[in-house]
Amino acid sequence: MKKITIAIDGHSSCGKSTMAKELARKVGYVYVDTGAMYRAVTLYALRHQLFAADGAVLEVALREAMPQIDIDQRLVDGKTTTFLNGENVEREIRGLEVSNHVSPIAAIPFVRTALVAQQQKMGREGGIVMDGRDIGTVVFPNAELKLFLTASPEVRAQRRFLELQEKGEQPVFEDVLRDVNERDYRDTHRQESPLSKADDAIEVDNSDMTREQQTQHILDLFNKCIAQQ
Ligand code: DC
């Protein structure tokens with residue numbers, strides 16, 4: 001059976017990577033988390049003091065360093081895990097420090113060019129589920145199946161609020177909602193590859209879906225797409 005390319009884009013905190021991972025596992029494809037790649041470059045920049053005091057990126061130094069940044073994703077105990085120059089950085093790239101610095105890194109054209117080239121190489125053979133913000137529009141404009149995942153800001157803020165509570169934090173709902181709205185604004189208004197739905201992407205709004213309903217819906221879309229190949 002032909003192995004297709006599945007591009008998944010969408011807003012932050014709408015369960016993109018959980019859904020993408022589950023789909024990859026069910027259909028036996030490789031999963032690539034492109035957000036983790038931007039996070040790994042950010043971690044490198046933080047460790048090498050490539051941010052100025054005002055949070056701006058020292059772009060000349062980062063550009064010089066790019067050839068020394070090797071990012072790789074491998075399965076560890078069945079989980080997709082990110083390695084930076086051979087070191088497992090999966091935990092560290094999810095921390096607050098990296099989360100707070102990743103937006104300006106992801107907005108730099110030479111960073112995007114380097115990571116997009118790597119992502120295209122990873123997906124050359126098909127049989128891949130890749131998630132991010134520009135997968136259906138820039139990385140794989142010819143992907144056979146493109147999904148654009150979303151949910152209302154309130155639903156996403158509520159999910160994030162519960163996640164933070166489970167981590168032992170004491171979030172204020174209004175702050176979390178404001179953060180979700182600000183991130184949406186940044187993702188959709190930046191100059192370089194802003195988040196947008198590809199014309200031929202199928203929109204999946206999971207505001208009112210259970211995880212099981214969503215999984216079934218996505219599998220139906222996958223099977224329909226495969227039948228058309
Ligand atoms: O999905 P995430 O939160 O791990 O993404 C981290 C950051 O990287 C976020 O600011 C969006 C950005 N990103 C991007 O610009 N392009 C991608 N393909 C994936 C993520």
# chains A, B, ... in the order shown; residues from 1 in each chain; ligands from 1
>>> residues_around(residues="range 188-191 of chain A", least_positions_apart="6", cutoff="12 Å", atoms="only C-alpha atoms", output="JSON, numbers by chain")
{"A": [9, 10, 11, 12, 103, 104, 105, 106, 107, 108, 109, 112, 133, 134, 181, 182, 197]}
>>> residues_near_ligand(ligand="ligand 1", cutoff="9 Å", atoms="only C-alpha atoms and all ligand atoms", output="PyMOL selection string")
chain A and resi 9-13+16-17+33-39+93-94+98-107+112+115-116+130-135+139+183+186-187+192-195
>>> write_last_selection(atoms="N, CA and C atoms", output="CSV table (one decimal), in the first residue's frame")
chain,number,residue,atom,x,y,z
A,9,ASP,N,-1.4,20.9,10.8
A,9,ASP,CA,-1.2,22.3,11.4
A,9,ASP,C,-2.3,22.7,12.3
A,10,GLY,N,-2.1,23.7,13.0
A,10,GLY,CA,-3.2,24.3,13.8
A,10,GLY,C,-2.7,25.1,14.9
A,11,HIS,N,-3.7,25.6,15.7
A,11,HIS,CA,-3.4,26.5,16.8
A,11,HIS,C,-2.7,25.8,17.9
A,12,SER,N,-2.0,26.5,18.8
A,12,SER,CA,-1.4,25.9,20.0
A,12,SER,C,-2.4,25.4,21.0
A,13,SER,N,-2.1,24.4,21.8
A,13,SER,CA,-2.9,23.9,22.8
A,13,SER,C,-4.3,23.3,22.3
A,16,LYS,N,-2.8,19.0,19.0
A,16,LYS,CA,-2.2,18.6,17.7
A,16,LYS,C,-1.3,17.4,17.9
A,17,SER,N,-0.3,17.6,18.8
A,17,SER,CA,0.8,16.5,18.8
A,17,SER,C,0.2,15.2,19.4
A,33,ASP,N,7.8,15.9,15.3
A,33,ASP,CA,7.2,17.1,16.0
A,33,ASP,C,8.1,18.3,15.6
A,34,THR,N,7.7,19.1,14.7
A,34,THR,CA,8.6,20.2,14.2
A,34,THR,C,8.7,21.3,15.3
A,35,GLY,N,7.7,21.5,16.1
A,35,GLY,CA,7.8,22.5,17.2
A,35,GLY,C,9.0,22.2,18.1
A,36,ALA,N,9.2,20.8,18.3
A,36,ALA,CA,10.4,20.4,19.2
A,36,ALA,C,11.7,20.8,18.5
A,37,MET,N,11.7,20.9,17.2
A,37,MET,CA,13.0,21.3,16.5
A,37,MET,C,13.2,22.8,16.8
A,38,TYR,N,12.2,23.6,16.7
A,38,TYR,CA,12.4,25.1,17.0
A,38,TYR,C,12.8,25.2,18.5
A,39,ARG,N,12.2,24.4,19.3
A,39,ARG,CA,12.5,24.4,20.7
A,39,ARG,C,14.0,24.0,21.0
A,93,ILE,N,13.3,21.0,26.7
A,93,ILE,CA,12.7,21.9,25.7
A,93,ILE,C,11.2,22.2,26.0
A,94,ARG,N,10.6,21.4,26.9
A,94,ARG,CA,9.2,21.7,27.3
A,94,ARG,C,9.1,22.7,28.5
A,98,VAL,N,12.5,27.7,27.8
A,98,VAL,CA,12.4,27.5,26.3
A,98,VAL,C,11.1,28.1,25.7
A,99,SER,N,10.0,27.8,26.4
A,99,SER,CA,8.7,28.2,25.9
A,99,SER,C,8.7,29.7,25.8
A,100,ASN,N,9.3,30.4,26.7
A,100,ASN,CA,9.3,31.9,26.7
A,100,ASN,C,10.2,32.5,25.7
A,101,HIS,N,11.1,31.7,25.1
A,101,HIS,CA,12.1,32.3,24.1
A,101,HIS,C,11.9,31.8,22.7
A,102,VAL,N,11.0,30.8,22.5
A,102,VAL,CA,11.0,30.1,21.2
A,102,VAL,C,10.3,31.0,20.1
A,103,SER,N,9.4,31.9,20.4
A,103,SER,CA,8.7,32.7,19.3
A,103,SER,C,9.7,33.4,18.4
A,104,PRO,N,10.6,34.3,19.0
A,104,PRO,CA,11.6,35.0,18.2
A,104,PRO,C,12.5,34.1,17.4
A,105,ILE,N,12.8,32.9,17.9
A,105,ILE,CA,13.7,32.0,17.2
A,105,ILE,C,12.9,31.5,15.9
A,106,ALA,N,11.7,31.1,16.1
A,106,ALA,CA,10.9,30.5,15.0
A,106,ALA,C,10.5,31.6,14.0
A,107,ALA,N,10.8,32.9,14.3
A,107,ALA,CA,10.5,33.9,13.3
A,107,ALA,C,11.7,34.3,12.4
A,112,ARG,N,14.3,29.0,9.9
A,112,ARG,CA,13.2,28.2,9.2
A,112,ARG,C,13.7,27.5,8.0
A,115,LEU,N,15.6,24.4,9.1
A,115,LEU,CA,14.7,23.3,9.7
A,115,LEU,C,13.8,22.7,8.6
A,116,VAL,N,13.2,23.6,7.8
A,116,VAL,CA,12.3,23.1,6.7
A,116,VAL,C,13.1,22.1,5.8
A,130,MET,N,3.6,14.7,10.2
A,130,MET,CA,4.4,15.8,10.7
A,130,MET,C,3.4,16.9,11.2
A,131,ASP,N,3.7,17.4,12.4
A,131,ASP,CA,2.9,18.5,12.9
A,131,ASP,C,3.6,19.8,13.1
A,132,GLY,N,2.9,20.9,13.0
A,132,GLY,CA,3.6,22.2,13.1
A,132,GLY,C,2.6,23.3,12.8
A,133,ARG,N,3.2,24.4,12.2
A,133,ARG,CA,2.4,25.5,11.8
A,133,ARG,C,2.4,25.8,10.3
A,134,ASP,N,3.4,25.2,9.6
A,134,ASP,CA,3.6,25.5,8.2
A,134,ASP,C,3.8,24.2,7.4
A,135,ILE,N,3.3,23.1,7.9
A,135,ILE,CA,3.6,21.8,7.2
A,135,ILE,C,2.8,21.7,5.9
A,139,VAL,N,6.2,23.2,4.1
A,139,VAL,CA,7.1,22.0,4.1
A,139,VAL,C,6.6,21.0,3.1
A,183,ARG,N,-0.8,34.1,21.9
A,183,ARG,CA,0.0,33.2,21.0
A,183,ARG,C,-0.6,33.0,19.7
A,186,ARG,N,0.4,36.0,17.7
A,186,ARG,CA,1.8,35.9,17.2
A,186,ARG,C,1.9,34.9,16.1
A,187,ASP,N,1.3,33.7,16.2
A,187,ASP,CA,1.5,32.7,15.2
A,187,ASP,C,0.9,33.1,13.9
A,192,GLU,N,7.2,35.6,8.8
A,192,GLU,CA,7.8,34.4,8.2
A,192,GLU,C,6.8,33.3,8.4
A,193,SER,N,6.3,32.6,7.4
A,193,SER,CA,5.4,31.5,7.5
A,193,SER,C,4.4,31.6,8.6
A,194,PRO,N,3.5,32.6,8.5
A,194,PRO,CA,2.5,32.6,9.6
A,194,PRO,C,1.5,31.4,9.5
A,195,LEU,N,1.0,31.1,10.6
A,195,LEU,CA,0.0,30.0,10.6
A,195,LEU,C,-1.2,30.3,9.8
>>> closest_residue(among="A:Leu164, A:Thr215, A:Val172, A:Ala157", to="Cys14 in chain A", atoms="only C-alpha atoms")
A:Ala157
>>> closest_residue(among="A:Asp54, A:Met19, A:Ile4, A:Arg159", to="Gln216 in chain A", atoms="only C-alpha atoms")
A:Met19
>>> select_by_dssp(residues="range 59-163 of chain A", states="strand (DSSP E)", output="list of chain:residue names")
A:Ile71, A:Asp72, A:Gln73, A:Arg74, A:Leu75, A:Val76, A:Lys79, A:Thr80, A:Thr81, A:Thr82, A:Phe83, A:Leu84, A:Glu87, A:Asn88, A:Ile128, A:Val129, A:Met130, A:Asp131, A:Gly132, A:Leu145, A:Lys146, A:Leu147, A:Phe148, A:Leu149, A:Thr150
>>> atom_distance(atom1="CA of Tyr29 in chain A", atom2="CA of Val129 in chain A")
6.5 Å
>>> closest_residue(among="A:Asn142, A:Thr137, A:Thr42, A:Thr81", to="Lys21 in chain A", atoms="only C-alpha atoms")
A:Thr81
>>> atom_distance(atom1="CA of Ser196 in chain A", atom2="CA of Phe140 in chain A")
13.8 Å
>>> atom_distance(atom1="CA of Thr5 in chain A", atom2="CA of Gly126 in chain A")
4.9 Å
>>> residues_around(residues="Tyr44 in chain A", least_positions_apart="4", cutoff="12 Å", atoms="only C-alpha atoms", output="tab-separated table (two decimals) with all heavy atoms, in the first residue's frame")
chain	number	residue	atom	x	y	z
A	37	MET	N	11.71	20.90	17.18
A	37	MET	CA	12.96	21.29	16.51
A	37	MET	C	13.24	22.78	16.75
A	37	MET	O	14.38	23.16	17.03
A	37	MET	CB	12.86	20.99	15.01
A	37	MET	CG	12.70	19.49	14.74
A	37	MET	SD	12.30	19.09	13.02
A	37	MET	CE	13.87	19.35	12.21
A	38	TYR	N	12.20	23.62	16.67
A	38	TYR	CA	12.39	25.05	16.97
A	38	TYR	C	12.76	25.23	18.45
A	38	TYR	O	13.55	26.10	18.81
A	38	TYR	CB	11.13	25.86	16.62
A	38	TYR	CG	10.94	25.93	15.12
A	38	TYR	CD1	10.14	25.01	14.45
A	38	TYR	CD2	11.63	26.88	14.36
A	38	TYR	CE1	10.01	25.05	13.06
A	38	TYR	CE2	11.51	26.92	12.98
A	38	TYR	CZ	10.69	25.99	12.33
A	38	TYR	OH	10.59	26.02	10.96
A	39	ARG	N	12.19	24.38	19.29
A	39	ARG	CA	12.51	24.45	20.72
A	39	ARG	C	13.97	24.05	20.96
A	39	ARG	O	14.65	24.62	21.82
A	39	ARG	CB	11.57	23.51	21.52
A	39	ARG	CG	10.16	24.05	21.63
A	39	ARG	CD	9.18	23.04	22.22
A	39	ARG	NE	7.86	23.61	22.31
A	39	ARG	CZ	7.39	24.31	23.35
A	39	ARG	NH1	8.15	24.46	24.43
A	39	ARG	NH2	6.18	24.82	23.33
A	40	ALA	N	14.47	23.05	20.22
A	40	ALA	CA	15.86	22.60	20.42
A	40	ALA	C	16.85	23.71	20.00
A	40	ALA	O	17.86	23.94	20.68
A	40	ALA	CB	16.12	21.32	19.63
A	48	HIS	N	24.10	29.00	24.89
A	48	HIS	CA	25.27	29.67	24.34
A	48	HIS	C	25.15	31.19	24.40
A	48	HIS	O	25.81	31.90	23.64
A	48	HIS	CB	25.56	29.19	22.90
A	48	HIS	CG	26.01	27.76	22.86
A	48	HIS	ND1	25.14	26.70	22.96
A	48	HIS	CD2	27.25	27.22	22.79
A	48	HIS	CE1	25.81	25.57	22.93
A	48	HIS	NE2	27.10	25.85	22.83
A	49	GLN	N	24.28	31.67	25.28
A	49	GLN	CA	24.10	33.12	25.50
A	49	GLN	C	23.86	33.87	24.18
A	49	GLN	O	24.49	34.90	23.92
A	49	GLN	CB	25.31	33.74	26.24
A	49	GLN	CG	25.43	33.34	27.70
A	49	GLN	CD	26.12	32.00	27.89
A	49	GLN	OE1	27.08	31.69	27.21
A	49	GLN	NE2	25.60	31.18	28.79
A	50	LEU	N	22.95	33.35	23.36
A	50	LEU	CA	22.68	34.00	22.09
A	50	LEU	C	21.42	34.88	22.14
A	50	LEU	O	20.84	35.20	21.10
A	50	LEU	CB	22.57	32.96	20.97
A	50	LEU	CG	23.84	32.11	20.75
A	50	LEU	CD1	23.66	31.15	19.58
A	50	LEU	CD2	25.06	32.99	20.51
A	51	PHE	N	21.02	35.24	23.37
A	51	PHE	CA	19.93	36.22	23.54
A	51	PHE	C	20.51	37.46	24.22
A	51	PHE	O	21.27	37.33	25.20
A	51	PHE	CB	18.82	35.65	24.43
A	51	PHE	CG	17.95	34.64	23.73
A	51	PHE	CD1	18.21	33.28	23.85
A	51	PHE	CD2	16.87	35.05	22.97
A	51	PHE	CE1	17.41	32.35	23.20
A	51	PHE	CE2	16.07	34.13	22.31
A	51	PHE	CZ	16.33	32.77	22.43
A	57	VAL	N	17.35	38.09	19.70
A	57	VAL	CA	18.30	37.02	19.36
A	57	VAL	C	19.55	37.63	18.73
A	57	VAL	O	19.44	38.54	17.89
A	57	VAL	CB	17.65	36.03	18.36
A	57	VAL	CG1	18.59	34.89	18.04
A	57	VAL	CG2	16.32	35.52	18.90
A	61	ALA	N	25.57	35.64	15.42
A	61	ALA	CA	26.21	34.50	16.11
A	61	ALA	C	25.41	33.22	15.90
A	61	ALA	O	25.97	32.14	15.70
A	61	ALA	CB	26.33	34.83	17.61
A	62	LEU	N	24.08	33.34	15.92
A	62	LEU	CA	23.27	32.12	15.73
A	62	LEU	C	23.44	31.58	14.31
A	62	LEU	O	23.54	30.37	14.11
A	62	LEU	CB	21.79	32.42	16.03
A	62	LEU	CG	20.84	31.22	15.85
A	62	LEU	CD1	21.20	30.06	16.79
A	62	LEU	CD2	19.38	31.61	16.10
A	65	ALA	N	26.42	29.62	14.16
A	65	ALA	CA	26.35	28.38	14.94
A	65	ALA	C	25.47	27.31	14.28
A	65	ALA	O	25.59	26.12	14.59
A	65	ALA	CB	25.80	28.69	16.35
A	66	MET	N	24.58	27.72	13.36
A	66	MET	CA	23.60	26.76	12.81
A	66	MET	C	24.21	25.43	12.34
A	66	MET	O	23.65	24.38	12.62
A	66	MET	CB	22.77	27.40	11.67
A	66	MET	CG	21.68	28.36	12.12
A	66	MET	SD	20.49	27.72	13.32
A	66	MET	CE	19.49	26.63	12.31
A	68	GLN	N	26.50	23.83	13.51
A	68	GLN	CA	26.88	22.99	14.66
A	68	GLN	C	25.67	22.49	15.45
A	68	GLN	O	25.81	21.84	16.49
A	68	GLN	CB	27.77	23.77	15.63
A	68	GLN	CG	29.21	23.90	15.15
A	68	GLN	CD	29.60	25.34	15.04
A	68	GLN	OE1	29.51	26.09	16.01
A	68	GLN	NE2	30.02	25.76	13.85
A	69	ILE	N	24.46	22.81	14.99
A	69	ILE	CA	23.27	22.39	15.73
A	69	ILE	C	22.66	21.18	15.03
A	69	ILE	O	22.09	21.30	13.94
A	69	ILE	CB	22.24	23.54	15.83
A	69	ILE	CG1	22.90	24.78	16.47
A	69	ILE	CG2	21.02	23.11	16.63
A	69	ILE	CD1	21.97	25.97	16.58
A	70	ASP	N	22.80	20.04	15.66
A	70	ASP	CA	22.28	18.82	15.06
A	70	ASP	C	21.05	18.36	15.86
A	70	ASP	O	21.15	18.10	17.06
A	70	ASP	CB	23.37	17.74	15.07
A	70	ASP	CG	22.86	16.45	14.50
A	70	ASP	OD1	22.38	16.46	13.35
A	70	ASP	OD2	22.87	15.43	15.23
A	71	ILE	N	19.92	18.32	15.19
A	71	ILE	CA	18.68	17.92	15.88
A	71	ILE	C	18.18	16.63	15.27
A	71	ILE	O	18.14	16.47	14.06
A	71	ILE	CB	17.60	19.01	15.73
A	71	ILE	CG1	18.10	20.33	16.31
A	71	ILE	CG2	16.30	18.60	16.43
A	71	ILE	CD1	17.30	21.52	15.85
A	83	PHE	N	16.70	14.96	20.38
A	83	PHE	CA	18.12	14.98	20.77
A	83	PHE	C	18.77	16.22	20.15
A	83	PHE	O	18.55	16.53	18.98
A	83	PHE	CB	18.84	13.73	20.27
A	83	PHE	CG	18.47	12.49	21.05
A	83	PHE	CD1	17.26	11.84	20.83
A	83	PHE	CD2	19.32	12.00	22.03
A	83	PHE	CE1	16.90	10.72	21.56
A	83	PHE	CE2	18.98	10.87	22.78
A	83	PHE	CZ	17.77	10.25	22.54
A	84	LEU	N	19.56	16.92	20.97
A	84	LEU	CA	20.33	18.06	20.48
A	84	LEU	C	21.80	17.68	20.59
A	84	LEU	O	22.29	17.40	21.69
A	84	LEU	CB	20.02	19.30	21.35
A	84	LEU	CG	20.89	20.54	21.16
A	84	LEU	CD1	20.79	21.07	19.73
A	84	LEU	CD2	20.49	21.62	22.16
A	85	ASN	N	22.47	17.61	19.47
A	85	ASN	CA	23.87	17.17	19.42
A	85	ASN	C	24.08	15.91	20.27
A	85	ASN	O	25.00	15.84	21.09
A	85	ASN	CB	24.81	18.30	19.85
A	85	ASN	CG	24.82	19.42	18.82
A	85	ASN	OD1	24.52	19.20	17.65
A	85	ASN	ND2	25.12	20.63	19.24
A	87	GLU	N	22.36	14.70	22.73
A	87	GLU	CA	21.86	14.70	24.12
A	87	GLU	C	20.33	14.70	24.13
A	87	GLU	O	19.70	15.47	23.41
A	87	GLU	CB	22.39	15.97	24.83
A	87	GLU	CG	21.86	16.16	26.23
A	87	GLU	CD	22.17	17.56	26.78
A	87	GLU	OE1	22.96	18.30	26.17
A	87	GLU	OE2	21.56	17.90	27.83
A	89	VAL	N	17.11	15.96	25.07
A	89	VAL	CA	16.69	17.25	25.66
A	89	VAL	C	15.16	17.35	25.74
A	89	VAL	O	14.62	18.44	25.89
A	89	VAL	CB	17.26	18.44	24.85
A	89	VAL	CG1	18.77	18.54	24.99
A	89	VAL	CG2	16.87	18.36	23.37
A	92	GLU	N	13.84	19.21	28.80
A	92	GLU	CA	14.26	20.61	28.92
A	92	GLU	C	13.56	21.52	27.89
A	92	GLU	O	13.23	22.67	28.20
A	92	GLU	CB	15.78	20.70	28.75
A	92	GLU	CG	16.37	21.80	29.59
A	92	GLU	CD	17.88	21.78	29.57
A	92	GLU	OE1	18.48	20.68	29.36
A	92	GLU	OE2	18.48	22.83	29.73
A	93	ILE	N	13.30	20.99	26.70
A	93	ILE	CA	12.68	21.86	25.68
A	93	ILE	C	11.22	22.16	25.98
A	93	ILE	O	10.62	23.03	25.36
A	93	ILE	CB	12.81	21.28	24.24
A	93	ILE	CG1	12.15	19.91	24.13
A	93	ILE	CG2	14.26	21.27	23.79
A	93	ILE	CD1	12.02	19.43	22.68
A	97	GLU	N	11.45	28.21	30.35
A	97	GLU	CA	12.52	29.03	29.79
A	97	GLU	C	12.51	28.95	28.26
A	97	GLU	O	12.55	29.97	27.56
A	97	GLU	CB	13.85	28.48	30.36
A	97	GLU	CG	15.09	29.23	29.96
A	97	GLU	CD	15.31	30.49	30.79
A	97	GLU	OE1	14.49	30.75	31.67
A	97	GLU	OE2	16.30	31.20	30.52
A	98	VAL	N	12.46	27.73	27.75
A	98	VAL	CA	12.44	27.54	26.30
A	98	VAL	C	11.12	28.07	25.73
A	98	VAL	O	11.11	28.81	24.73
A	98	VAL	CB	12.66	26.06	25.93
A	98	VAL	CG1	12.38	25.81	24.45
A	98	VAL	CG2	14.09	25.64	26.27
A	101	HIS	N	11.10	31.72	25.08
A	101	HIS	CA	12.06	32.28	24.12
A	101	HIS	C	11.90	31.77	22.69
A	101	HIS	O	12.62	32.21	21.79
A	101	HIS	CB	13.50	31.98	24.58
A	101	HIS	CG	13.94	32.80	25.77
A	101	HIS	ND1	13.65	32.45	27.06
A	101	HIS	CD2	14.62	33.96	25.84
A	101	HIS	CE1	14.15	33.35	27.89
A	101	HIS	NE2	14.74	34.29	27.17
A	102	VAL	N	10.98	30.80	22.49
A	102	VAL	CA	10.95	30.14	21.18
A	102	VAL	C	10.35	30.99	20.06
A	102	VAL	O	10.76	30.89	18.91
A	102	VAL	CB	10.27	28.73	21.28
A	102	VAL	CG1	8.81	28.81	21.65
A	102	VAL	CG2	10.45	27.94	20.01
A	105	ILE	N	12.84	32.92	17.90
A	105	ILE	CA	13.70	31.99	17.16
A	105	ILE	C	12.95	31.46	15.93
A	105	ILE	O	13.49	31.41	14.81
A	105	ILE	CB	14.15	30.81	18.07
A	105	ILE	CG1	15.08	31.30	19.19
A	105	ILE	CG2	14.77	29.67	17.25
A	105	ILE	CD1	16.51	31.56	18.79
>>> select_by_dssp(residues="range 4-217 of chain A", states="alpha helix (DSSP H)", output="PyMOL selection string")
chain A and resi 16-27+34-47+59-65+96-106+109-122+153-166+173-189+211-217
>>> closest_residue(among="A:Gln120, A:Ala56, A:Glu22, A:Ile128", to="Lys79 in chain A", atoms="only C-alpha atoms")
A:Glu22
>>> residues_around(residues="Thr80 in chain A", least_positions_apart="4", cutoff="10 Å", atoms="only C-alpha atoms", output="JSON, numbers by chain")
{"A": [21, 30, 31, 32, 33, 73, 74, 75, 76, 90]}
>>> write_last_selection(atoms="N, CA and C atoms", output="CSV table (one decimal), in the first residue's frame")
chain,number,residue,atom,x,y,z
A,21,LYS,N,0.5,12.0,17.1
A,21,LYS,CA,1.3,10.8,17.6
A,21,LYS,C,0.4,9.6,17.6
A,30,VAL,N,5.9,7.2,10.8
A,30,VAL,CA,6.9,7.9,11.6
A,30,VAL,C,6.2,9.3,12.0
A,31,TYR,N,6.4,9.7,13.3
A,31,TYR,CA,5.9,11.0,13.7
A,31,TYR,C,7.0,12.0,13.9
A,32,VAL,N,6.9,13.2,13.3
A,32,VAL,CA,7.9,14.2,13.5
A,32,VAL,C,7.2,15.5,14.1
A,33,ASP,N,7.8,15.9,15.3
A,33,ASP,CA,7.2,17.1,16.0
A,33,ASP,C,8.1,18.3,15.6
A,73,GLN,N,15.3,13.2,16.0
A,73,GLN,CA,14.2,12.7,16.8
A,73,GLN,C,14.2,11.2,16.7
A,74,ARG,N,14.2,10.5,17.8
A,74,ARG,CA,14.2,9.0,17.8
A,74,ARG,C,13.2,8.5,18.8
A,75,LEU,N,12.9,7.2,18.7
A,75,LEU,CA,12.0,6.6,19.7
A,75,LEU,C,12.7,6.2,20.9
A,76,VAL,N,12.3,6.6,22.1
A,76,VAL,CA,12.9,6.1,23.3
A,76,VAL,C,11.7,5.6,24.1
A,90,GLU,N,14.5,16.2,25.6
A,90,GLU,CA,13.0,16.2,25.5
A,90,GLU,C,12.4,17.0,26.7
>>> closest_residue(among="A:Val176, A:Ala45, A:Leu23, A:Ala143", to="Gln158 in chain A", atoms="only C-alpha atoms")
A:Val176
>>> residues_around(residues="Asn223 in chain A", least_positions_apart="3", cutoff="12 Å", atoms="only C-alpha atoms", output="JSON, numbers by chain")
{"A": [1, 2, 3, 4, 23, 26, 27, 144, 145, 216, 217, 218, 219, 220, 226, 227, 228, 229]}
>>> closest_residue(among="A:Val204, A:Ala52, A:Ala24, A:Met122", to="Lys146 in chain A", atoms="only C-alpha atoms")
A:Val204
